[in-house]
Structures are given as structure tokens and as C-alpha cells.
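Printed here is upload32.cif (mmCIF, C-alpha atoms):
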data_my_file
#
loop_
_atom_site.label_atom_id
_atom_site.label_comp_id
_atom_site.auth_asym_id
_atom_site.auth_seq_id
_atom_site.Cartn_x
_atom_site.Cartn_y
_atom_site.Cartn_z
CA MET A 469 40.56 224.03 32.10
CA LYS A 470 38.05 225.16 34.67
CA GLU A 471 35.66 226.28 31.96
CA LEU A 472 36.02 222.98 30.15
CA MET A 473 35.10 221.11 33.33
CA GLU A 474 32.16 223.43 33.76
CA LEU A 475 30.99 222.65 30.23
CA PHE A 476 31.23 218.95 30.95
CA TRP A 477 29.41 219.31 34.24
CA VAL A 478 26.58 221.51 32.90
CA PHE A 479 25.94 219.18 29.99
CA ALA A 480 26.06 216.16 32.28
CA GLN A 481 23.23 217.78 34.25
CA ILE A 482 21.32 218.48 31.06
CA GLY A 483 21.85 214.82 30.13
CA VAL A 484 20.26 213.74 33.40
CA GLY A 485 17.26 216.03 32.81
CA THR A 486 16.57 214.97 29.23
CA PHE A 487 13.67 212.58 29.45
CA GLY A 488 11.97 211.36 26.29
CA GLY A 489 14.30 212.35 23.48
CA GLY A 490 16.27 215.35 22.32
CA TYR A 491 13.42 217.87 22.53
CA ALA A 492 13.30 217.48 26.26
CA MET A 493 16.78 218.93 26.62
CA LEU A 494 15.57 222.39 25.61
CA PRO A 495 14.07 223.61 28.86
CA MET A 496 17.28 222.78 30.70
CA LEU A 497 19.39 224.22 27.96
CA GLN A 498 17.51 227.51 28.24
CA ARG A 499 17.88 227.68 31.98
CA GLU A 500 21.46 226.51 32.39
CA VAL A 501 23.03 227.84 29.22
CA VAL A 502 20.97 230.93 28.32
CA ASP A 503 19.67 232.27 31.64
CA LYS A 504 22.28 231.29 34.17
CA ARG A 505 25.48 231.43 32.20
CA GLY A 506 24.79 233.49 29.10
CA TRP A 507 26.77 231.03 26.95
CA ALA A 508 24.28 231.39 24.11
CA THR A 509 21.24 233.50 23.27
CA GLU A 510 17.73 232.18 22.85
CA GLU A 511 18.02 232.79 19.09
CA GLU A 512 21.24 230.80 18.89
CA VAL A 513 19.61 227.90 20.69
CA MET A 514 16.87 227.88 18.02
CA ASP A 515 19.42 228.04 15.23
CA TYR A 516 21.44 225.18 16.68
CA TYR A 517 18.32 223.21 17.11
CA ALA A 518 17.12 223.72 13.55
CA ILE A 519 20.55 222.89 12.14
CA GLY A 520 20.77 219.86 14.41
CA GLN A 521 17.54 218.57 12.87
CA CYS A 522 18.88 218.37 9.37
CA THR A 523 22.48 217.41 9.96
CA PRO A 524 23.57 213.87 10.72
CA GLY A 525 23.64 212.54 14.21
CA ILE A 526 21.79 212.84 17.47
CA ILE A 527 20.20 216.28 17.91
CA ALA A 528 21.19 216.60 21.55
CA ILE A 529 24.85 215.93 20.72
CA ASN A 530 24.73 218.39 17.84
CA THR A 531 23.38 221.08 20.16
CA ALA A 532 25.92 220.29 22.88
CA THR A 533 28.76 220.50 20.36
CA PHE A 534 27.52 223.87 19.10
CA VAL A 535 27.39 225.42 22.55
CA GLY A 536 30.71 223.89 23.62
CA TYR A 537 32.45 224.96 20.45
CA LYS A 538 31.20 228.50 20.68
CA ARG A 539 32.45 228.70 24.22
CA LYS A 540 35.82 226.98 24.03
CA GLY A 541 36.53 225.83 20.49
CA LEU A 542 37.21 222.25 19.55
CA SER A 543 37.90 220.92 23.04
CA GLY A 544 34.80 222.71 24.32
CA GLY A 545 32.64 221.02 21.70
CA ILE A 546 34.03 217.63 22.57
CA LEU A 547 33.75 218.05 26.34
CA ALA A 548 30.19 219.35 26.22
CA SER A 549 29.19 216.32 24.13
CA LEU A 550 31.01 213.91 26.42
CA GLY A 551 29.28 215.54 29.37
CA PHE A 552 25.90 214.94 27.79
CA LEU A 553 26.79 211.31 27.02
CA PHE A 554 28.17 210.54 30.45
CA PRO A 555 24.96 210.02 32.48
CA SER A 556 23.36 208.01 29.69
CA ILE A 557 26.31 205.65 29.49
CA VAL A 558 26.36 205.11 33.25
CA ILE A 559 22.59 204.65 33.62
CA ILE A 560 22.10 202.38 30.63
CA THR A 561 25.13 200.25 31.51
CA LEU A 562 23.78 199.73 35.02
CA ILE A 563 20.35 198.85 33.68
CA ALA A 564 21.74 196.47 31.07
CA ALA A 565 23.91 194.81 33.71
CA PHE A 566 21.48 194.52 36.60
CA MET A 567 17.90 195.30 35.66
CA GLN A 568 16.93 194.19 32.21
CA ASN A 569 13.31 194.34 33.35
CA PHE A 570 13.71 197.99 34.42
CA ALA A 571 10.96 199.34 32.19
CA GLU A 572 8.46 196.81 33.56
CA LEU A 573 8.93 197.73 37.22
CA THR A 574 5.75 199.29 38.62
CA VAL A 575 7.63 201.96 40.52
CA VAL A 576 9.41 203.01 37.32
CA SER A 577 6.26 203.25 35.25
CA ARG A 578 4.51 205.20 38.01
CA ALA A 579 7.42 207.58 38.41
CA PHE A 580 7.49 208.03 34.68
CA SER A 581 3.78 208.80 34.53
CA GLY A 582 4.58 211.81 36.70
CA ILE A 583 7.74 212.76 34.81
CA ARG A 584 5.87 212.70 31.51
CA ILE A 585 3.42 215.32 32.77
CA CYS A 586 6.33 217.43 33.95
CA VAL A 587 7.94 217.13 30.51
CA CYS A 588 4.73 218.51 28.94
CA ALA A 589 4.87 221.52 31.23
CA LEU A 590 8.59 222.00 30.56
CA ILE A 591 8.15 221.88 26.80
CA LEU A 592 5.22 224.30 26.97
CA ASP A 593 7.41 226.68 28.93
CA ALA A 594 10.20 226.29 26.35
CA VAL A 595 7.84 226.89 23.43
CA LEU A 596 6.37 230.03 25.01
CA ARG A 597 9.84 231.44 25.52
CA LEU A 598 11.02 230.61 22.02
CA GLY A 599 7.77 231.81 20.49
CA LYS A 600 8.20 235.24 22.02
CA LYS A 601 11.49 235.58 20.17
CA SER A 602 10.75 233.78 16.93
CA VAL A 603 7.05 234.16 16.13
CA VAL A 604 7.02 237.90 15.76
CA ASN A 605 5.40 238.84 12.47
CA ALA A 606 2.89 237.51 9.93
CA VAL A 607 5.47 235.50 8.01
CA SER A 608 6.82 233.79 11.10
CA VAL A 609 3.30 233.00 12.34
CA VAL A 610 2.59 231.26 9.04
CA ILE A 611 5.85 229.30 9.10
CA PHE A 612 5.28 228.29 12.71
CA ALA A 613 1.71 227.13 12.04
CA VAL A 614 2.50 225.29 8.82
CA ILE A 615 5.47 223.44 10.31
CA LEU A 616 3.50 222.56 13.43
CA LEU A 617 0.61 221.13 11.40
CA LEU A 618 2.81 219.29 8.91
CA SER A 619 4.88 217.84 11.69
CA LEU A 620 1.74 216.61 13.48
CA PHE A 621 -0.34 215.39 10.58
CA SER A 622 1.87 214.62 7.60
CA PRO A 623 4.45 211.91 7.08
CA ILE A 624 6.99 214.41 5.71
CA SER A 625 10.36 213.99 7.40
CA THR A 626 11.50 216.70 9.79
CA VAL A 627 14.61 217.13 7.69
CA TRP A 628 12.57 218.41 4.74
CA LEU A 629 10.45 220.63 6.94
CA VAL A 630 13.56 222.36 8.24
CA ILE A 631 15.10 222.68 4.80
CA GLY A 632 11.80 224.04 3.46
CA ALA A 633 11.61 226.65 6.19
CA GLY A 634 15.19 227.69 5.50
CA VAL A 635 14.38 228.09 1.80
CA CYS A 636 11.32 230.19 2.71
CA GLY A 637 13.51 232.43 4.83
CA TYR A 638 15.93 232.78 1.96
CA VAL A 639 13.22 233.56 -0.60
CA ILE A 640 11.71 236.18 1.68
CA TYR A 641 15.14 237.69 2.05
CA LEU A 642 15.59 237.73 -1.73
CA THR A 643 12.25 239.34 -2.39
CA GLY A 644 13.40 241.94 0.10
CA GLY A 645 10.12 241.99 2.00
CA LYS A 646 11.86 242.25 5.33
CA LYS A 647 15.20 243.88 5.71
CA LYS A 648 16.18 241.69 8.61
CA MET B 281 38.70 192.96 19.45
CA MET B 282 37.37 192.49 15.94
CA THR B 283 33.83 192.83 17.22
CA LEU B 284 34.76 196.00 19.05
CA ILE B 285 36.10 197.60 15.88
CA GLN B 286 33.07 196.43 13.92
CA LEU B 287 30.81 197.80 16.63
CA CYS B 288 32.48 201.18 16.33
CA ILE B 289 32.23 201.18 12.55
CA GLU B 290 28.53 200.28 12.60
CA PHE B 291 27.63 202.95 15.16
CA PHE B 292 29.78 205.53 13.45
CA LYS B 293 27.81 204.85 10.27
CA THR B 294 24.56 205.17 12.19
CA GLY B 295 25.68 208.50 13.61
CA LEU B 296 26.65 209.68 10.16
CA PHE B 297 23.52 208.69 8.28
CA ALA B 298 20.74 208.95 10.84
CA VAL B 299 19.38 212.42 10.24
CA GLY B 300 16.55 213.85 12.32
CA GLY B 301 16.79 212.61 15.85
CA GLY B 302 16.84 209.51 17.99
CA LEU B 303 14.13 207.55 16.27
CA ALA B 304 15.96 207.94 12.97
CA THR B 305 18.50 205.49 14.38
CA LEU B 306 15.90 202.72 14.60
CA PRO B 307 16.06 201.47 11.01
CA PHE B 308 19.84 201.27 11.36
CA LEU B 309 19.52 199.22 14.51
CA TYR B 310 17.10 196.79 12.90
CA GLU B 311 19.46 196.37 10.01
CA MET B 312 22.38 195.84 12.37
CA SER B 313 20.48 193.24 14.33
CA GLU B 314 19.71 191.34 11.13
CA LYS B 315 23.18 191.59 9.71
CA THR B 316 25.29 190.89 12.77
CA GLY B 317 23.03 189.15 15.26
CA TRP B 318 24.62 191.20 18.06
CA PHE B 319 21.19 191.80 19.52
CA THR B 320 17.66 190.69 18.71
CA GLU B 321 14.60 192.65 17.66
CA GLN B 322 13.23 191.95 21.10
CA ASP B 323 16.30 193.69 22.56
CA ILE B 324 15.49 196.73 20.45
CA LEU B 325 11.89 196.86 21.64
CA ASN B 326 13.08 196.37 25.20
CA LEU B 327 15.46 199.26 24.78
CA ILE B 328 12.84 201.61 23.39
CA ALA B 329 10.86 201.01 26.56
CA ILE B 330 13.94 201.59 28.73
CA SER B 331 14.89 204.75 26.83
CA GLU B 332 11.48 206.19 27.36
CA SER B 333 11.83 205.90 31.11
CA THR B 334 15.45 206.95 31.53
CA PRO B 335 17.13 210.25 30.78
CA GLY B 336 19.23 210.77 27.71
CA ALA B 337 18.55 210.75 23.99
CA ILE B 338 17.19 207.50 22.60
CA GLY B 339 19.92 207.03 20.02
CA ILE B 340 22.61 207.30 22.66
CA ASN B 341 20.88 204.87 24.98
CA MET B 342 20.56 202.43 22.11
CA ALA B 343 24.28 202.60 21.38
CA THR B 344 25.27 202.05 25.02
CA TYR B 345 22.87 199.16 25.44
CA ALA B 346 23.76 197.40 22.20
CA GLY B 347 27.47 197.91 22.87
CA TYR B 348 27.12 196.56 26.39
CA ILE B 349 25.28 193.39 25.47
CA THR B 350 27.80 192.63 22.73
CA GLU B 351 31.11 193.60 24.29
CA GLY B 352 30.54 194.59 27.91
CA VAL B 353 31.28 197.95 29.49
CA ILE B 354 34.00 198.86 26.99
CA GLY B 355 31.65 197.99 24.14
CA GLY B 356 28.99 200.29 25.55
CA ILE B 357 31.37 203.19 25.89
CA MET B 358 32.99 202.69 22.48
CA ALA B 359 29.70 202.30 20.60
CA THR B 360 28.36 205.48 22.18
CA LEU B 361 31.47 207.48 21.36
CA ALA B 362 31.43 206.14 17.81
CA LEU B 363 27.81 207.26 17.44
CA ALA B 364 28.57 210.75 18.71
CA CYS B 365 31.72 211.20 16.61
CA PRO B 366 30.12 212.20 13.28
CA SER B 367 27.88 214.73 15.07
CA ILE B 368 30.83 216.38 16.71
CA ILE B 369 32.84 216.54 13.49
CA VAL B 370 29.98 217.83 11.33
CA ILE B 371 28.85 220.44 13.84
CA ILE B 372 32.36 221.75 14.38
CA LEU B 373 32.71 222.21 10.62
CA ILE B 374 29.35 223.99 10.47
CA SER B 375 30.33 226.16 13.45
CA LYS B 376 33.48 227.25 11.67
CA PHE B 377 31.40 228.09 8.63
CA LEU B 378 28.85 230.01 10.69
CA ASP B 379 31.55 231.96 12.49
CA ARG B 380 32.44 233.37 9.12
CA PHE B 381 29.05 233.87 7.58
CA LYS B 382 26.64 234.39 10.43
CA ASP B 383 26.43 238.13 9.80
CA SER B 384 25.81 237.72 6.09
CA PRO B 385 22.28 238.79 5.18
CA VAL B 386 21.69 235.51 3.33
CA VAL B 387 22.42 233.40 6.39
CA GLN B 388 20.35 235.79 8.52
CA GLY B 389 17.50 235.44 6.03
CA ILE B 390 17.63 231.66 6.25
CA PHE B 391 17.60 231.83 10.04
CA GLN B 392 14.50 234.03 9.96
CA GLY B 393 12.78 231.04 8.35
CA LEU B 394 14.38 228.44 10.58
CA ARG B 395 13.56 229.97 13.95
CA PRO B 396 9.76 229.83 13.79
CA ALA B 397 10.08 226.37 12.20
CA SER B 398 12.22 225.20 15.08
CA THR B 399 9.61 226.50 17.51
CA GLY B 400 6.86 224.74 15.55
CA LEU B 401 8.70 221.42 15.67
CA ILE B 402 9.21 221.66 19.39
CA ALA B 403 5.55 222.55 19.90
CA ALA B 404 4.61 219.47 17.84
CA ALA B 405 6.86 217.27 19.98
CA GLY B 406 5.28 218.75 23.10
CA LEU B 407 1.79 217.98 21.80
CA GLY B 408 2.92 214.42 21.12
CA VAL B 409 3.94 214.00 24.75
CA ALA B 410 0.78 215.78 25.92
CA LYS B 411 -1.37 213.32 23.98
CA LEU B 412 0.23 210.46 25.90
CA ALA B 413 0.32 212.15 29.26
CA LEU B 414 -2.89 214.19 29.41
CA LEU B 415 -5.44 212.30 27.34
CA ASN B 416 -7.13 208.94 27.89
CA LEU B 417 -7.44 207.93 24.27
CA ASP B 418 -7.81 204.24 25.08
CA VAL B 419 -10.63 204.87 27.56
CA TYR B 420 -12.34 207.13 25.05
CA GLU B 421 -12.11 204.47 22.36
CA ALA B 422 -13.61 201.89 24.70
CA THR B 423 -16.52 204.00 25.91
CA GLY B 424 -16.99 206.44 23.03
CA ASN B 425 -17.79 209.01 25.67
CA LEU B 426 -16.24 212.36 24.83
CA THR B 427 -15.96 213.38 28.48
CA ASP B 428 -13.64 210.42 29.11
CA ILE B 429 -11.00 211.76 26.79
CA LEU B 430 -9.45 214.21 29.25
CA ASP B 431 -7.28 212.76 31.97
CA LEU B 432 -8.31 215.34 34.56
CA PRO B 433 -5.92 214.50 37.42
CA SER B 434 -2.98 214.59 35.01
CA ILE B 435 -4.11 217.90 33.53
CA ALA B 436 -4.55 219.36 37.00
CA TYR B 437 -1.04 218.27 37.95
CA ALA B 438 0.37 219.67 34.69
CA VAL B 439 -1.15 223.05 35.51
CA ILE B 440 0.21 222.97 39.07
CA ILE B 441 3.74 222.04 38.06
CA PHE B 442 3.70 224.57 35.22
CA VAL B 443 2.67 227.39 37.53
CA CYS B 444 5.24 226.38 40.17
CA MET B 445 7.95 226.16 37.54
CA ARG B 446 7.29 229.64 36.21
CA LYS B 447 6.47 231.34 39.45
CA PHE B 448 9.18 229.93 41.71
CA LYS B 449 11.74 229.28 38.95
CA LEU B 450 12.35 225.77 40.25
CA HIS B 451 15.38 223.94 38.91
CA THR B 452 14.35 221.62 36.07
CA LEU B 453 15.85 218.58 37.75
CA LEU B 454 13.93 219.41 40.91
CA CYS B 455 10.67 219.60 38.94
CA ILE B 456 11.42 216.21 37.38
CA GLY B 457 12.32 214.74 40.77
CA ILE B 458 9.15 216.04 42.41
CA SER B 459 7.06 214.76 39.52
CA ALA B 460 8.62 211.31 39.80
CA VAL B 461 7.73 211.18 43.50
CA VAL B 462 4.20 212.44 42.85
CA GLY B 463 3.88 209.86 40.07
CA ILE B 464 4.93 207.04 42.38
CA ALA B 465 2.55 208.24 45.09
CA VAL B 466 -0.47 208.96 42.88
CA GLY B 467 0.09 206.84 39.77
CA PHE B 468 -1.36 208.93 36.95
#
How does this structure look as C-alpha cells?
Amino acid sequence: MKELMELFWVFAQIGVGTFGGGYAMLPMLQREVVDKRGWATEEEVMDYYAIGQCTPGIIAINTATFVGYKRKGLSGGILASLGFLFPSIVIITLIAAFMQNFAELTVVSRAFSGIRICVCALILDAVLRLGKKSVVNAVSVVIFAVILLLSLFSPISTVWLVIGAGVCGYVIYLTGGKKK
Amino acid sequence: MMTLIQLCIEFFKTGLFAVGGGLATLPFLYEMSEKTGWFTEQDILNLIAISESTPGAIGINMATYAGYITEGVIGGIMATLALACPSIIVIILISKFLDRFKDSPVVQGIFQGLRPASTGLIAAAGLGVAKLALLNLDVYEATGNLTDILDLPSIAYAVIIFVCMRKFKLHTLLCIGISAVVGIAVGF
């Protein structure tokens, strides 16, 4: 029970720190889940993330469910997801009820101009950490670069990029180039 | 009551078929707005703006907002839960599968491809944010002057916060809080 509450609470915090879409949850996920609590490894976070991209639903919820499930089974998966949803529901309900013009407030847009810069720094930090673990040999450098460029400059959906990368991994395994 | 059930069904469907992140829910929302008239296109645009300046994933914020304006607080909660439901079910099934096969060399092989891809996608998302936060593309377009393209104060602040974050291991929420205050004070 205590662990379930902790799952809820940790993911509620991650929910509060996720500005600007699912990607922004990563830095907090690394700190709270990987570093502080050891609930998942850096590699697992990447796996969850890639799977979350090409399965239905909101990526952040998919990731929360993965971590919660691994920790405490079904109820863990559900509570971690509910924890992530909780701050959003509260904040958006308050805004919808009292401040429909929220996004136009000067103080909000100024605060957000600062937060956006912080999000850049956070994502850079997350990418450096993940890169150290995932971009380790020639093949992975190529996959990283190709996916980065396609994602930036082509209209191909992320779903196909992830599936393509998975197929590459499989083919490389089949051809037996790398044992691991 | 009927609307509430309908609301849940519609958002459950969105959760089930929107693959690839928050913005993938947008086409579903436009369709919903047309079909049901629960909210207008203007509401959707309004909500994109709100989502960008509040925490939480965009898809979730959309569900809460749309649910709230149609059926009040209960509507907001139910629509959000309905949206999250398919994710939870699908991921739990995948988790069960992975528990069994994660040590198989095939699955390991696939992950060797997925991990650098995952990193690449996150890097791309980061560059997207950086373009908005650290470059003055509109100024550059107006003046055509290449030196105007860099938003120097923003870049300087990005470097400062990045160094602080790594060096002092500041809590993420603290970094965000500080940045909000600096943003209000300076106005990047």
C-alpha cells in the first residue's frame, strides 16, 4: 500500500514537471525513477519510450503504466497512471472554470518563455544521458542520426520510424553482426 | 448521463486509435467537435495554447478540458480516465509479454535498434523546442540579417540553467520554478 501511494505521488510530481508534451517527462523520469529510486534502468526507460511511441494512447501514460506495472503489477500500473493524470485534471479544470483566457495572460507567457528555455536544457541533459547508453557503436550512431534527421525533416510518422528502427535491430540480430 | 457515456466512448476511442503522442489526438478532437458540437474549433485552438503553458501531456489536457466544458467536473475526470484506459490496458498486456520474452535474443535485437532511435526522437523534440526558445526566426525573416537569428539572452540563460542543473543536481521542479520566475522578471 505504501509503495502504491509512493508510485502515485512520484508520478504526480512528474505530471507537474511535464511541460510541453510527453517528451518533457523524461528528465524527471530519469531523476525520480532511475537515479533516486532505482525502479527502472536507463535502458528500460528508452524501451518503454520507444514502445510507447508506436502503441495506442498518450506516451506519458504508457510510460507511467510500464514503470508502475514493473514495480507493483496491475495496481501499480494503474496508480502510476492516475498519479500522472491527477495534476493535469486539477489544473485544467481550474483553468476551464476560472481563467479561460489563461494562455493570454502576460505573466503566463513570460513565465513560459523562461520555462521553455529550461525545457531545452532538461531535454539536452536527458539526451546526453541516454546517448551514453544507447549510441555506442557504428550501427547505433547511424540509427540515431537517421531517425533524428527523418524526424526533423521528413513527414514520416514517428510510428513508422520506431517500427523501422526495430526492424533494423532485428535484421542486424539475424545477420549475426553483433552478438548482443 | 447519456452525454457522459458518449463522452467516455469518444475519448476511449481517441485513446485507442491515437498513436504517436499528444498531437495525434488532434484529428480526433476536430472530428468530435464536428460530429457532436460539444466544443468548437476555437475551443481546440484555445486549448492547444493552454496546454503549451501548463504541465501535463497535451492529449490529457484536451480530454479534461473538453469533458469539463461539456459535462462539468465529472465530465472532465471521466473523459480523462476514458482516454487513459486503452493505454493502461495495452501496456499491461505488452508488459506481460515482455516479462516472458525480454531475455530472448530476438527481443534484445529489436531493442538494440529501438534504443538509439528513441534517443534520436527525443533529440529531435528537443531541437524543436530549442528552435522556438533560442532562435529569433521571425526577426531574422524581417531583417534578413543572419546575426539576428540567435536569441542571445535566451541562449545565455539556457547555458546557465544547464550548468546549474548538472553541477548542483537541482530538482527538476526547482529548475522549472526558477525559470518561470526568471521568465516573468526578464521576459525572454
- Report as a ChimeraX atom specification the residues that result from applying the PyMOL selection byres ((chain A and resi 533) around 7) to the structure here. /A:529-532,534-537,545-546,548-549 /B:368,371
Can you check which parts of region 334-451 of chain B lie within 8 Å of region 509-515 of chain A? Per residue, the shortest pair of atoms and distance in Å to one decimal, counting all atoms listed in the file, sorted by chain and number, as a tab-separated table.
residue	atom	partner	partner_atom	distance
B:Phe391	CA	A:Asp515	CA	6.7
B:Leu394	CA	A:Asp515	CA	6.9
B:Arg395	CA	A:Met514	CA	5.6
B:Ser398	CA	A:Met514	CA	6.1
B:Thr399	CA	A:Met514	CA	7.4
- Item | Reference answer for the PyMOL selection byres ((chain B and resi 341) around 9), as JSON, numbers by chain | {"A": [553, 556, 557, 559, 560], "B": [327, 328, 330, 331, 334, 335, 336, 337, 338, 339, 340, 342, 343, 344, 345, 346, 360]}
Deliver the residues from the most recent selection as a file, using C-alpha atoms, as a compact mmCIF listing (two decimals), keeping the file's coordinate frame.
# COMPACT_ATOMS: atom_id res chain seq x y z
CA LEU A 553 26.79 211.31 27.02
CA SER A 556 23.36 208.01 29.69
CA ILE A 557 26.31 205.65 29.49
CA ILE A 559 22.59 204.65 33.62
CA ILE A 560 22.10 202.38 30.63
CA LEU B 327 15.46 199.26 24.78
CA ILE B 328 12.84 201.61 23.39
CA ILE B 330 13.94 201.59 28.73
CA SER B 331 14.89 204.75 26.83
CA THR B 334 15.45 206.95 31.53
CA PRO B 335 17.13 210.25 30.78
CA GLY B 336 19.23 210.77 27.71
CA ALA B 337 18.55 210.75 23.99
CA ILE B 338 17.19 207.50 22.60
CA GLY B 339 19.92 207.03 20.02
CA ILE B 340 22.61 207.30 22.66
CA MET B 342 20.56 202.43 22.11
CA ALA B 343 24.28 202.60 21.38
CA THR B 344 25.27 202.05 25.02
CA TYR B 345 22.87 199.16 25.44
CA ALA B 346 23.76 197.40 22.20
CA THR B 360 28.36 205.48 22.18
- Item | Residues selected by the PyMOL selection byres ((chain A and resi 471-485) around 8), written as a PyMOL selection string | (chain A and resi 469-470+486-487+492-493+496-497+500+532+536+540+543-544+547-556) or (chain B and resi 335-336+452-453+456)
- Query: Which polymer residues have any atom within 7 Å of an atom of region 307-322 of chain B, counting only C-alpha atoms, with same-chain residues fewer than 4 positions away left out, as a list in words?
  - Reply: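 Using only C-alpha atoms, the neighbours found are Thr294, Asn326, Ala346 and Thr350 of chain B.
Nearest residue to Ala594 (chain A) among A:Val502, A:Ile519, A:Ile526, A:Val639 is A:Val502, counting all atoms listed in the file.
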- Message: Just the number, please: distance in Å from CA of Gly506 (chain A) to CA of Leu494 (chain A), one decimal.
- Response: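 It comes out at 14.8 Å.
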- Query: Could you work out how far CA of Leu573 (chain A) lies from CA of Ile464 (chain B), giving the answer in Å with one decimal?
  - Reply: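 CA of Leu573 (chain A) lies 11.4 Å from CA of Ile464 (chain B).
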- Task: Go through A:Cys586, A:Leu642, A:Ile631, A:Ala606 and flag the residue nearest Ile440 (chain B), using all atoms listed in the file for the distances.
- Result: A:Cys586
